[in-house]
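With mmCIF, C-alpha atoms and all ligand atoms inside, this is my_file_12.cif:
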data_work
#
loop_
_atom_site.label_atom_id
_atom_site.label_comp_id
_atom_site.auth_asym_id
_atom_site.auth_seq_id
_atom_site.Cartn_x
_atom_site.Cartn_y
_atom_site.Cartn_z
CA LYS A 29 0.00 0.00 0.00
CA GLY A 30 1.24 3.46 -0.80
CA GLN A 31 1.41 5.82 2.11
CA ASP A 32 1.92 9.23 0.61
CA ASP A 33 -1.77 9.92 0.35
CA LYS A 34 -2.52 8.68 3.86
CA PRO A 35 -3.33 11.10 6.63
CA ILE A 36 -1.44 9.20 9.32
CA THR A 37 2.06 7.85 9.01
CA GLY A 38 3.44 4.41 9.68
CA GLU A 39 4.42 1.22 7.93
CA TYR A 40 2.12 -1.63 7.02
CA ILE A 41 2.38 -5.34 7.73
CA ASP A 42 -0.19 -7.58 6.00
CA GLY A 43 -2.25 -4.49 5.26
CA VAL A 44 -2.28 -3.48 8.95
CA LEU A 45 -0.98 0.02 9.68
CA LEU A 46 1.50 0.18 12.56
CA PRO A 47 2.27 3.20 14.76
CA THR A 48 5.60 4.75 13.81
CA LEU A 49 7.20 3.23 16.93
CA ILE A 50 6.70 -0.27 15.52
CA LYS A 51 8.40 -1.59 12.39
CA PRO A 52 7.13 -4.63 10.49
CA GLY A 53 10.42 -6.43 11.23
CA ASP A 54 9.83 -5.96 14.97
CA VAL A 55 6.44 -7.64 14.70
CA VAL A 56 7.94 -10.58 12.81
CA ALA A 57 10.76 -10.92 15.35
CA LEU A 58 8.36 -10.89 18.30
CA ARG A 59 6.18 -13.42 16.58
CA GLN A 60 9.03 -15.81 15.89
CA GLU A 61 11.46 -15.35 18.76
CA LEU A 62 9.49 -14.48 21.86
CA LYS A 63 9.45 -17.45 24.23
CA LEU A 64 6.25 -17.60 26.22
CA ARG A 65 5.63 -19.15 29.62
CA GLU A 66 2.59 -20.91 31.04
CA THR A 67 2.09 -18.05 33.48
CA ASP A 68 2.17 -15.31 30.81
CA VAL A 69 -0.98 -13.26 30.36
CA PHE A 70 -1.86 -11.09 27.38
CA VAL A 71 -4.43 -8.33 27.45
CA ALA A 72 -5.26 -7.96 23.76
CA THR A 73 -7.48 -5.25 22.31
CA PHE A 74 -8.17 -2.96 19.45
CA PRO A 75 -7.14 0.41 20.95
CA LYS A 76 -9.63 2.10 23.29
CA CYS A 77 -11.63 -1.00 24.16
CA GLY A 78 -10.68 -1.12 27.85
CA THR A 79 -7.04 -2.20 27.75
CA THR A 80 -5.84 -0.18 30.73
CA TRP A 81 -8.87 -1.14 32.78
CA THR A 82 -8.17 -4.84 32.18
CA GLN A 83 -4.44 -4.38 32.84
CA GLN A 84 -5.30 -2.87 36.21
CA ILE A 85 -7.68 -5.75 36.98
CA VAL A 86 -5.00 -8.36 36.17
CA LYS A 87 -2.42 -6.48 38.22
CA LEU A 88 -4.74 -6.43 41.24
CA ILE A 89 -5.65 -10.11 40.82
CA TRP A 90 -1.95 -10.95 41.02
CA SER A 91 -1.50 -8.87 44.15
CA GLY A 92 -4.65 -10.01 45.95
CA GLY A 93 -6.47 -6.70 45.61
CA ARG A 94 -3.78 -4.33 46.85
CA GLU A 95 -1.74 -1.80 44.89
CA ASP A 96 1.81 -3.09 44.62
CA GLY A 97 3.31 0.25 43.62
CA ARG A 98 3.63 -0.59 39.95
CA ASP A 99 2.13 1.44 37.13
CA VAL A 100 -0.18 -0.58 34.84
CA ASP A 101 2.25 -0.33 31.95
CA GLU A 102 5.12 -1.41 34.17
CA ALA A 103 3.19 -4.45 35.41
CA LEU A 104 1.89 -5.33 31.93
CA PRO A 105 4.17 -3.60 29.40
CA TRP A 106 3.13 -2.87 25.85
CA ILE A 107 4.88 -5.79 24.21
CA ASP A 108 4.37 -4.54 20.65
CA VAL A 109 7.10 -1.93 21.16
CA THR A 110 9.65 -4.25 22.75
CA LYS A 111 12.29 -6.55 21.27
CA PRO A 112 12.01 -10.34 21.70
CA HIS A 113 14.58 -10.81 24.47
CA GLU A 114 13.98 -7.60 26.37
CA LEU A 115 11.45 -9.25 28.65
CA ASP A 116 13.39 -12.45 29.34
CA ASP A 117 14.35 -11.27 32.83
CA MET A 118 10.89 -10.18 33.80
CA PRO A 119 9.76 -12.30 36.75
CA SER A 120 6.69 -14.52 36.38
CA PRO A 121 3.82 -14.04 36.17
CA ARG A 122 4.45 -11.75 33.23
CA GLY A 123 1.68 -9.70 31.68
CA PHE A 124 1.64 -7.90 28.36
CA LYS A 125 -0.69 -5.63 26.52
CA THR A 126 -0.94 -5.97 22.76
CA HIS A 127 -3.01 -4.24 20.11
CA LEU A 128 -1.88 -6.54 17.35
CA PRO A 129 -4.43 -8.61 15.46
CA TYR A 130 -4.66 -12.32 16.28
CA HIS A 131 -2.60 -13.44 13.31
CA LEU A 132 0.28 -11.15 14.28
CA CYS A 133 0.16 -11.71 18.04
CA PRO A 134 3.61 -11.72 19.66
CA GLY A 135 4.93 -15.16 20.61
CA GLY A 136 3.18 -16.93 17.74
CA ASP A 137 -0.22 -18.48 17.28
CA PRO A 138 -2.15 -18.60 20.58
CA ARG A 139 -3.32 -22.09 19.58
CA GLN A 140 0.21 -23.37 20.07
CA SER A 141 1.10 -21.16 23.00
CA PRO A 142 1.25 -21.92 26.73
CA ALA A 143 0.19 -18.35 27.55
CA LYS A 144 -3.29 -17.03 28.37
CA TYR A 145 -5.05 -14.33 26.38
CA ILE A 146 -7.80 -11.97 27.48
CA TYR A 147 -9.32 -10.20 24.50
CA VAL A 148 -11.52 -7.22 25.26
CA TYR A 149 -13.84 -5.80 22.61
CA ARG A 150 -16.14 -2.80 22.80
CA ASN A 151 -19.03 -1.71 20.63
CA PRO A 152 -17.39 -0.27 17.52
CA LYS A 153 -19.27 3.03 17.66
CA ASP A 154 -18.01 3.94 21.13
CA THR A 155 -14.58 2.58 20.23
CA MET A 156 -14.37 4.87 17.21
CA VAL A 157 -15.43 7.91 19.21
CA SER A 158 -12.90 7.14 21.95
CA ASN A 159 -10.19 6.71 19.31
CA TYR A 160 -11.14 9.98 17.67
CA HIS A 161 -10.61 11.90 20.92
CA PHE A 162 -7.42 10.01 21.66
CA SER A 163 -5.79 10.19 18.24
CA VAL A 164 -5.82 13.93 17.84
CA LYS A 165 -2.03 14.25 17.89
CA PHE A 166 -1.65 11.65 15.14
CA LEU A 167 -4.17 13.31 12.85
CA PRO A 168 -3.99 16.31 10.57
CA GLU A 169 -5.02 19.30 12.63
CA ASP A 170 -8.70 19.66 13.37
CA MET A 171 -9.76 16.68 11.31
CA PRO A 172 -13.53 16.65 11.57
CA TRP A 173 -15.28 13.58 12.92
CA SER A 174 -16.86 12.71 9.57
CA ASN A 175 -13.40 12.42 7.96
CA TYR A 176 -12.07 10.38 10.82
CA TYR A 177 -15.09 8.13 10.60
CA LYS A 178 -14.31 7.43 6.94
CA MET A 179 -10.71 6.79 7.78
CA MET A 180 -11.74 4.25 10.40
CA LEU A 181 -13.89 2.43 7.86
CA SER A 182 -11.06 2.38 5.34
CA GLY A 183 -8.93 0.61 7.96
CA ASP A 184 -6.06 3.06 7.53
CA VAL A 185 -5.75 3.60 11.27
CA TYR A 186 -3.28 2.10 13.69
CA PHE A 187 -3.78 -1.66 14.06
CA GLY A 188 -6.00 -1.81 11.02
CA ASN A 189 -9.64 -2.47 10.39
CA ILE A 190 -11.59 -2.62 13.63
CA PHE A 191 -14.04 -5.27 12.40
CA ASP A 192 -11.29 -7.56 11.11
CA HIS A 193 -9.48 -7.14 14.43
CA MET A 194 -12.51 -8.17 16.46
CA ARG A 195 -13.35 -11.01 14.11
CA GLY A 196 -9.80 -12.35 14.11
CA TRP A 197 -9.78 -12.75 17.88
CA TYR A 198 -13.43 -13.59 18.46
CA ILE A 199 -13.43 -16.69 16.28
CA HIS A 200 -10.94 -18.20 18.75
CA LYS A 201 -13.25 -17.70 21.72
CA ASP A 202 -13.50 -21.42 22.42
CA LEU A 203 -9.77 -21.99 22.88
CA PRO A 204 -9.08 -22.97 26.49
CA ASN A 205 -6.38 -20.30 26.83
CA VAL A 206 -8.49 -17.47 25.40
CA LEU A 207 -11.06 -15.46 27.35
CA ILE A 208 -13.16 -12.97 25.45
CA ILE A 209 -15.07 -10.25 27.26
CA SER A 210 -16.47 -6.88 26.38
CA TYR A 211 -16.10 -3.39 27.79
CA GLU A 212 -19.86 -3.33 28.28
CA MET A 213 -19.88 -6.57 30.27
CA LEU A 214 -17.12 -5.17 32.46
CA LYS A 215 -19.08 -1.99 32.97
CA LYS A 216 -22.44 -3.59 33.72
CA ASP A 217 -21.34 -6.66 35.62
CA SER A 218 -17.92 -5.73 37.01
CA PHE A 219 -17.88 -8.10 39.97
CA ASN A 220 -18.74 -11.21 37.97
CA MET A 221 -16.45 -10.32 35.09
CA ILE A 222 -13.53 -9.74 37.44
CA LYS A 223 -14.29 -13.08 39.08
CA LYS A 224 -14.33 -14.67 35.64
CA ILE A 225 -10.93 -13.20 34.80
CA SER A 226 -9.51 -14.31 38.14
CA ASP A 227 -10.82 -17.88 37.67
CA PHE A 228 -9.49 -17.93 34.12
CA LEU A 229 -6.04 -16.97 35.39
CA GLY A 230 -6.21 -19.71 38.00
CA TYR A 231 -6.60 -17.45 41.05
CA GLN A 232 -9.55 -18.55 43.11
CA LEU A 233 -9.95 -15.29 44.98
CA GLN A 234 -12.44 -14.84 47.81
CA ASP A 235 -15.48 -12.71 47.10
CA ASP A 236 -14.30 -9.93 49.41
CA VAL A 237 -11.07 -9.62 47.41
CA ILE A 238 -13.06 -9.53 44.17
CA ALA A 239 -15.22 -6.82 45.74
CA ASP A 240 -12.09 -4.81 46.62
CA ILE A 241 -10.79 -5.11 43.06
CA THR A 242 -14.20 -4.08 41.73
CA LYS A 243 -14.07 -0.90 43.81
CA LEU A 244 -10.46 -0.11 42.94
CA THR A 245 -11.11 -0.47 39.21
CA SER A 246 -14.16 1.77 38.99
CA PHE A 247 -13.75 4.65 36.55
CA GLU A 248 -13.60 7.22 39.35
CA LYS A 249 -11.04 5.30 41.41
CA MET A 250 -8.83 4.64 38.41
CA ARG A 251 -9.04 8.23 37.26
CA GLY A 252 -7.61 9.40 40.58
CA ASN A 253 -4.93 6.71 40.72
CA GLU A 254 -1.60 7.78 39.24
CA LEU A 255 -0.64 4.11 38.87
CA ALA A 256 -3.63 3.40 36.65
CA ASN A 257 -4.77 6.59 34.92
CA ASN A 258 -2.17 6.82 32.14
CA SER A 259 -2.06 10.57 32.64
CA TRP A 260 1.24 10.71 30.71
CA MET A 261 -0.81 9.92 27.60
CA ASP A 262 -2.97 13.01 27.97
CA LYS A 263 -0.69 14.88 25.58
CA TYR A 264 -2.07 12.73 22.75
CA ARG A 265 -5.62 13.68 23.46
CA ARG A 266 -7.93 16.44 22.45
CA GLU A 267 -7.61 19.47 24.70
CA GLY A 268 -9.39 18.87 27.97
CA ALA A 269 -10.02 15.17 27.32
CA GLY A 270 -7.81 13.19 29.68
CA PHE A 271 -6.94 9.55 29.06
CA MET A 272 -9.69 8.65 31.51
CA ARG A 273 -12.13 10.59 29.38
CA LYS A 274 -15.74 9.55 30.04
CA GLY A 275 -15.74 5.82 30.66
CA VAL A 276 -19.34 5.28 29.60
CA ILE A 277 -21.38 3.23 27.15
CA GLY A 278 -23.25 5.25 24.55
CA ASP A 279 -21.06 8.30 23.97
CA TRP A 280 -21.16 7.44 20.24
CA LYS A 281 -24.40 9.41 20.14
CA SER A 282 -22.41 12.62 20.65
CA LEU A 283 -20.71 12.33 17.24
CA PHE A 284 -22.45 9.78 15.02
CA SER A 285 -24.99 10.89 12.46
CA GLU A 286 -27.97 8.64 11.89
CA GLU A 287 -26.58 7.60 8.48
CA GLU A 288 -23.21 6.68 9.96
CA SER A 289 -24.86 4.65 12.67
CA ILE A 290 -26.94 2.72 10.14
CA GLU A 291 -23.87 2.16 7.98
CA ILE A 292 -22.02 0.60 10.92
CA ASP A 293 -24.97 -1.68 11.68
CA GLU A 294 -24.90 -2.85 8.08
CA ILE A 295 -21.17 -3.49 8.04
CA ILE A 296 -21.49 -5.48 11.25
CA LYS A 297 -24.30 -7.54 9.81
CA GLU A 298 -22.18 -8.27 6.78
CA LYS A 299 -18.82 -8.85 8.47
CA LEU A 300 -19.60 -10.24 11.91
CA SER A 301 -23.10 -11.66 12.21
CA ASP A 302 -22.04 -15.14 11.05
CA ILE A 303 -19.76 -15.58 14.07
CA GLY A 304 -22.35 -14.47 16.61
CA LEU A 305 -20.51 -11.36 17.75
CA VAL A 306 -23.09 -8.85 18.91
CA PHE A 307 -22.58 -5.44 20.50
CA ASP A 308 -24.19 -3.52 23.31
CA TYR A 309 -24.75 0.19 22.66
CA ASP A 310 -26.92 1.04 25.66
CA PRO A 311 -25.72 2.59 28.90
P1 LIG A 401 -13.48 6.82 26.70
O1 LIG A 401 -12.56 7.57 25.79
O2 LIG A 401 -14.74 6.40 26.01
O3 LIG A 401 -13.74 7.50 28.00
P2 LIG A 401 -7.80 1.84 26.45
O4 LIG A 401 -7.27 1.63 27.82
O5 LIG A 401 -8.03 0.60 25.68
O6 LIG A 401 -7.00 2.85 25.72
O7 LIG A 401 -9.28 2.43 26.60
C1 LIG A 401 -9.52 3.72 27.06
C2 LIG A 401 -11.02 3.89 27.28
O8 LIG A 401 -11.41 3.10 28.43
C3 LIG A 401 -11.41 5.32 27.57
O9 LIG A 401 -12.76 5.42 27.08
C4 LIG A 401 -11.35 5.33 29.10
O10 LIG A 401 -12.07 6.38 29.68
C5 LIG A 401 -11.99 3.98 29.39
N1 LIG A 401 -11.72 3.46 30.73
C6 LIG A 401 -10.51 3.32 31.34
N2 LIG A 401 -10.66 2.83 32.58
C7 LIG A 401 -12.00 2.65 32.77
C8 LIG A 401 -12.81 2.18 33.87
N3 LIG A 401 -12.26 1.80 35.02
N4 LIG A 401 -14.15 2.12 33.69
C9 LIG A 401 -14.71 2.51 32.53
N5 LIG A 401 -14.01 2.97 31.46
C10 LIG A 401 -12.68 3.03 31.59
#
Spell out the structure here as structure tokens.
Amino acid sequence: KGQDDKPITGEYIDGVLLPTLIKPGDVVALRQELKLRETDVFVATFPKCGTTWTQQIVKLIWSGGREDGRDVDEALPWIDVTKPHELDDMPSPRGFKTHLPYHLCPGGDPRQSPAKYIYVYRNPKDTMVSNYHFSVKFLPEDMPWSNYYKMMLSGDVYFGNIFDHMRGWYIHKDLPNVLIISYEMLKKDSFNMIKKISDFLGYQLQDDVIADITKLTSFEKMRGNELANNSWMDKYRREGAGFMRKGVIGDWKSLFSEEESIEIDEIIKEKLSDIGLVFDYDP
């Protein structure tokens, strides 16, 4: 794919646009050389689907519901920007966040991997709106929403086409080492979803510990927690919109036109209905 006519810069691998920090060769090296352990945990997402939230949940599951002094990105580093042997000395259990699509996931095909994978999806309309507010520093100045919306549909955004990303992971939902949850499930049923994650990771935590983690990972608590609010990323955001921006279901209504909303419903019907992936748009 040519890039000169593209509004955001970066190199492509398999048609998937990578942020400038990541080169295609790095993705290949991580895929082929990274040695995974049985205790490794991936939090995999298309950007803005609840990555940080889930990282914080995993971190607190490991520590029994207490802050251990580590920032989310220190506890579960963004593996996509590392080199294969950089994390060899990291003590187990290791956690990683990745935004790469299933077929490019670091460490090779999850089907042959000893690691565990938590994939979090979010309804695509809210995901697009959250990305729009976040991506402002990567976009030509003052790009209007309607242009960004078209760009999202073309797939020329970091980590590629949102529907392909969700499809690629979701079809592996029945693998024993893959857990698929949604932002909306986490929001509406936090306690049970956190329990599900903890069970999946093999930590049979008591209900009072799960309740503590539920409280500590609320939007308000995370927003005020320097170890979990990613405030260093605020420079990438639209003025006044911190990383912990709104944290709600349904904000898509603030930017989507009726036509755009219908178009998304149609694309989803066409691209995702056969695999049973359905989305929740209601607060
Ligand atoms: P909004 O921009 O819609 O507010 P990611 O971590 O994948 O980049 O996702 C960021 C999105 O998750 C942002 O969405 C952010 O506000 C939201 N978020 C982060 N922590 C959250 C929490 N504890 N509860 C609800 N939403 C949360």
Surrounding residues of Trp90 (chain A) excluding itself and chain neighbours under 5 positions, 9 Å, all atoms listed in the file, as a VMD selection string: chain A and resid 85 121 226 231
Near-Val109 (chain A) list (10 Å; only C-alpha atoms; drop same-chain fewer than 5 positions) as a PyMOL selection string: chain A and resi 47+49-51+54-55+58+126
Go ahead and fit an axis-aligned box to every listed atom of region 159-166 of chain A plus 8 Å each side, and pass me the centre and edge lengths in Å, one decimal, as JSON.
{"center_x": -6.4, "center_y": 10.5, "center_z": 18.4, "size_x": 25.5, "size_y": 23.5, "size_z": 22.5}
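When CA of Arg65 (chain A) is paired with CA of Val100 (chain A), their separation reads 20.1 Å.
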Contacts between ligand LIG 401 (chain A) and chain A, please, where a residue of chain A counts if it comes within 9 Å (with all atoms listed in the file); show its shortest atom pair and distance in Å to one decimal, rows by chain and ascending number, as a Markdown table.
| residue | atom | partner | partner_atom | distance |
| --- | --- | --- | --- | --- |
| A:Thr73 | CA | A:LIG401 | O5 | 6.8 |
| A:Phe74 | CA | A:LIG401 | O5 | 7.2 |
| A:Pro75 | CA | A:LIG401 | O5 | 4.8 |
| A:Lys76 | CA | A:LIG401 | O5 | 3.2 |
| A:Cys77 | CA | A:LIG401 | O5 | 4.2 |
| A:Gly78 | CA | A:LIG401 | O5 | 3.8 |
| A:Thr79 | CA | A:LIG401 | O5 | 3.6 |
| A:Thr80 | CA | A:LIG401 | O4 | 3.7 |
| A:Trp81 | CA | A:LIG401 | N2 | 4.4 |
| A:Thr82 | CA | A:LIG401 | O4 | 7.9 |
| A:Gln83 | CA | A:LIG401 | O4 | 8.3 |
| A:Gln84 | CA | A:LIG401 | N3 | 8.5 |
| A:His127 | CA | A:LIG401 | O5 | 8.9 |
| A:Val148 | CA | A:LIG401 | O5 | 8.6 |
| A:Asp154 | CA | A:LIG401 | O2 | 6.4 |
| A:Thr155 | CA | A:LIG401 | O2 | 6.9 |
| A:Met156 | CA | A:LIG401 | O2 | 8.9 |
| A:Val157 | CA | A:LIG401 | O2 | 7.0 |
| A:Ser158 | CA | A:LIG401 | O1 | 3.9 |
| A:Asn159 | CA | A:LIG401 | O1 | 7.0 |
| A:Tyr160 | CA | A:LIG401 | O1 | 8.6 |
| A:His161 | CA | A:LIG401 | O1 | 6.8 |
| A:Phe162 | CA | A:LIG401 | O1 | 7.0 |
| A:Tyr211 | CA | A:LIG401 | N5 | 7.6 |
| A:Glu212 | CA | A:LIG401 | C9 | 8.9 |
| A:Leu214 | CA | A:LIG401 | N4 | 8.0 |
| A:Lys215 | CA | A:LIG401 | C9 | 6.3 |
| A:Leu244 | CA | A:LIG401 | N3 | 8.3 |
| A:Thr245 | CA | A:LIG401 | N3 | 4.9 |
| A:Ser246 | CA | A:LIG401 | N3 | 4.4 |
| A:Phe247 | CA | A:LIG401 | N3 | 3.6 |
| A:Glu248 | CA | A:LIG401 | N3 | 7.1 |
| A:Lys249 | CA | A:LIG401 | N3 | 7.4 |
| A:Met250 | CA | A:LIG401 | N3 | 5.6 |
| A:Arg251 | CA | A:LIG401 | N2 | 7.3 |
| A:Ala256 | CA | A:LIG401 | N2 | 8.1 |
| A:Asn257 | CA | A:LIG401 | N2 | 7.4 |
| A:Asn258 | CA | A:LIG401 | O4 | 8.5 |
| A:Ala269 | CA | A:LIG401 | O1 | 8.2 |
| A:Gly270 | CA | A:LIG401 | O10 | 8.0 |
| A:Phe271 | CA | A:LIG401 | O10 | 6.1 |
| A:Met272 | CA | A:LIG401 | O10 | 3.8 |
| A:Arg273 | CA | A:LIG401 | O3 | 3.7 |
| A:Lys274 | CA | A:LIG401 | O3 | 3.5 |
| A:Gly275 | CA | A:LIG401 | N5 | 3.4 |
| A:Val276 | CA | A:LIG401 | O2 | 5.9 |
| A:Ile277 | CA | A:LIG401 | O2 | 7.4 |
| A:Gly278 | CA | A:LIG401 | O2 | 8.7 |
| A:Asp279 | CA | A:LIG401 | O2 | 6.9 |
| A:Trp280 | CA | A:LIG401 | O2 | 8.7 |
Counting only C-alpha atoms, the option among A:Asp101, A:Glu288, A:Ile36, A:Phe228 closest to Trp260 (chain A):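 Looking only at the distances to Trp260 (chain A), the closest residue turns out to be A:Asp101.
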Spatial neighbours of Asp117 (chain A), max dist 12 Å, all atoms listed in the file, sep filter under 5 positions, as a list in words: Lys63, Pro112 and Arg122 of chain A
Please, can region 106-130 of chain A be completed to N, CA and C atoms and returned as an mmCIF file, in the frame of the given file?
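Generated output (selection.cif):
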data_model
loop_
_atom_site.group_PDB
_atom_site.id
_atom_site.type_symbol
_atom_site.label_atom_id
_atom_site.label_comp_id
_atom_site.auth_asym_id
_atom_site.auth_seq_id
_atom_site.Cartn_x
_atom_site.Cartn_y
_atom_site.Cartn_z
ATOM 1 N N TRP A 106 3.639 -2.804 27.229
ATOM 2 C CA TRP A 106 3.130 -2.870 25.850
ATOM 3 C C TRP A 106 4.160 -3.647 25.022
ATOM 4 N N ILE A 107 3.886 -4.906 24.822
ATOM 5 C CA ILE A 107 4.880 -5.790 24.210
ATOM 6 C C ILE A 107 5.176 -5.441 22.753
ATOM 7 N N ASP A 108 4.213 -4.839 22.083
ATOM 8 C CA ASP A 108 4.370 -4.540 20.650
ATOM 9 C C ASP A 108 5.559 -3.609 20.372
ATOM 10 N N VAL A 109 5.977 -2.857 21.375
ATOM 11 C CA VAL A 109 7.100 -1.930 21.160
ATOM 12 C C VAL A 109 8.388 -2.439 21.788
ATOM 13 N N THR A 110 8.421 -3.710 22.158
ATOM 14 C CA THR A 110 9.650 -4.250 22.750
ATOM 15 C C THR A 110 10.351 -5.174 21.744
ATOM 16 N N LYS A 111 11.550 -5.580 22.095
ATOM 17 C CA LYS A 111 12.290 -6.550 21.270
ATOM 18 C C LYS A 111 12.181 -7.922 21.959
ATOM 19 N N PRO A 112 12.307 -9.011 21.178
ATOM 20 C CA PRO A 112 12.010 -10.340 21.700
ATOM 21 C C PRO A 112 12.662 -10.700 23.034
ATOM 22 N N HIS A 113 13.932 -10.320 23.243
ATOM 23 C CA HIS A 113 14.580 -10.810 24.470
ATOM 24 C C HIS A 113 14.605 -9.794 25.598
ATOM 25 N N GLU A 114 13.973 -8.653 25.358
ATOM 26 C CA GLU A 114 13.980 -7.600 26.370
ATOM 27 C C GLU A 114 13.231 -7.998 27.643
ATOM 28 N N LEU A 115 12.287 -8.908 27.498
ATOM 29 C CA LEU A 115 11.450 -9.250 28.650
ATOM 30 C C LEU A 115 11.805 -10.602 29.250
ATOM 31 N N ASP A 116 12.958 -11.141 28.834
ATOM 32 C CA ASP A 116 13.390 -12.450 29.340
ATOM 33 C C ASP A 116 13.595 -12.453 30.848
ATOM 34 N N ASP A 117 14.050 -11.322 31.384
ATOM 35 C CA ASP A 117 14.350 -11.270 32.830
ATOM 36 C C ASP A 117 13.164 -10.864 33.678
ATOM 37 N N MET A 118 12.066 -10.587 33.031
ATOM 38 C CA MET A 118 10.890 -10.180 33.800
ATOM 39 C C MET A 118 10.407 -11.374 34.630
ATOM 40 N N PRO A 119 10.200 -11.160 35.931
ATOM 41 C CA PRO A 119 9.760 -12.300 36.750
ATOM 42 C C PRO A 119 8.325 -12.740 36.409
ATOM 43 N N SER A 120 8.046 -14.007 36.608
ATOM 44 C CA SER A 120 6.690 -14.520 36.380
ATOM 45 C C SER A 120 5.819 -14.169 37.588
ATOM 46 N N PRO A 121 4.539 -13.987 37.434
ATOM 47 C CA PRO A 121 3.820 -14.040 36.170
ATOM 48 C C PRO A 121 4.023 -12.748 35.368
ATOM 49 N N ARG A 122 4.289 -12.925 34.081
ATOM 50 C CA ARG A 122 4.450 -11.750 33.230
ATOM 51 C C ARG A 122 3.100 -11.413 32.596
ATOM 52 N N GLY A 123 2.887 -10.125 32.389
ATOM 53 C CA GLY A 123 1.680 -9.700 31.680
ATOM 54 C C GLY A 123 2.079 -8.732 30.580
ATOM 55 N N PHE A 124 1.349 -8.783 29.496
ATOM 56 C CA PHE A 124 1.640 -7.900 28.360
ATOM 57 C C PHE A 124 0.342 -7.317 27.836
ATOM 58 N N LYS A 125 0.444 -6.100 27.308
ATOM 59 C CA LYS A 125 -0.690 -5.630 26.520
ATOM 60 C C LYS A 125 -0.280 -5.673 25.061
ATOM 61 N N THR A 126 -1.218 -6.015 24.201
ATOM 62 C CA THR A 126 -0.940 -5.970 22.760
ATOM 63 C C THR A 126 -2.166 -5.438 22.035
ATOM 64 N N HIS A 127 -1.901 -4.678 20.967
ATOM 65 C CA HIS A 127 -3.010 -4.240 20.110
ATOM 66 C C HIS A 127 -2.933 -4.964 18.768
ATOM 67 N N LEU A 128 -2.031 -5.900 18.648
ATOM 68 C CA LEU A 128 -1.880 -6.540 17.350
ATOM 69 C C LEU A 128 -3.020 -7.510 17.068
ATOM 70 N N PRO A 129 -3.374 -7.649 15.787
ATOM 71 C CA PRO A 129 -4.430 -8.610 15.460
ATOM 72 C C PRO A 129 -3.977 -10.040 15.764
ATOM 73 N N TYR A 130 -4.942 -10.933 15.895
ATOM 74 C CA TYR A 130 -4.660 -12.320 16.280
ATOM 75 C C TYR A 130 -3.510 -12.920 15.467
#
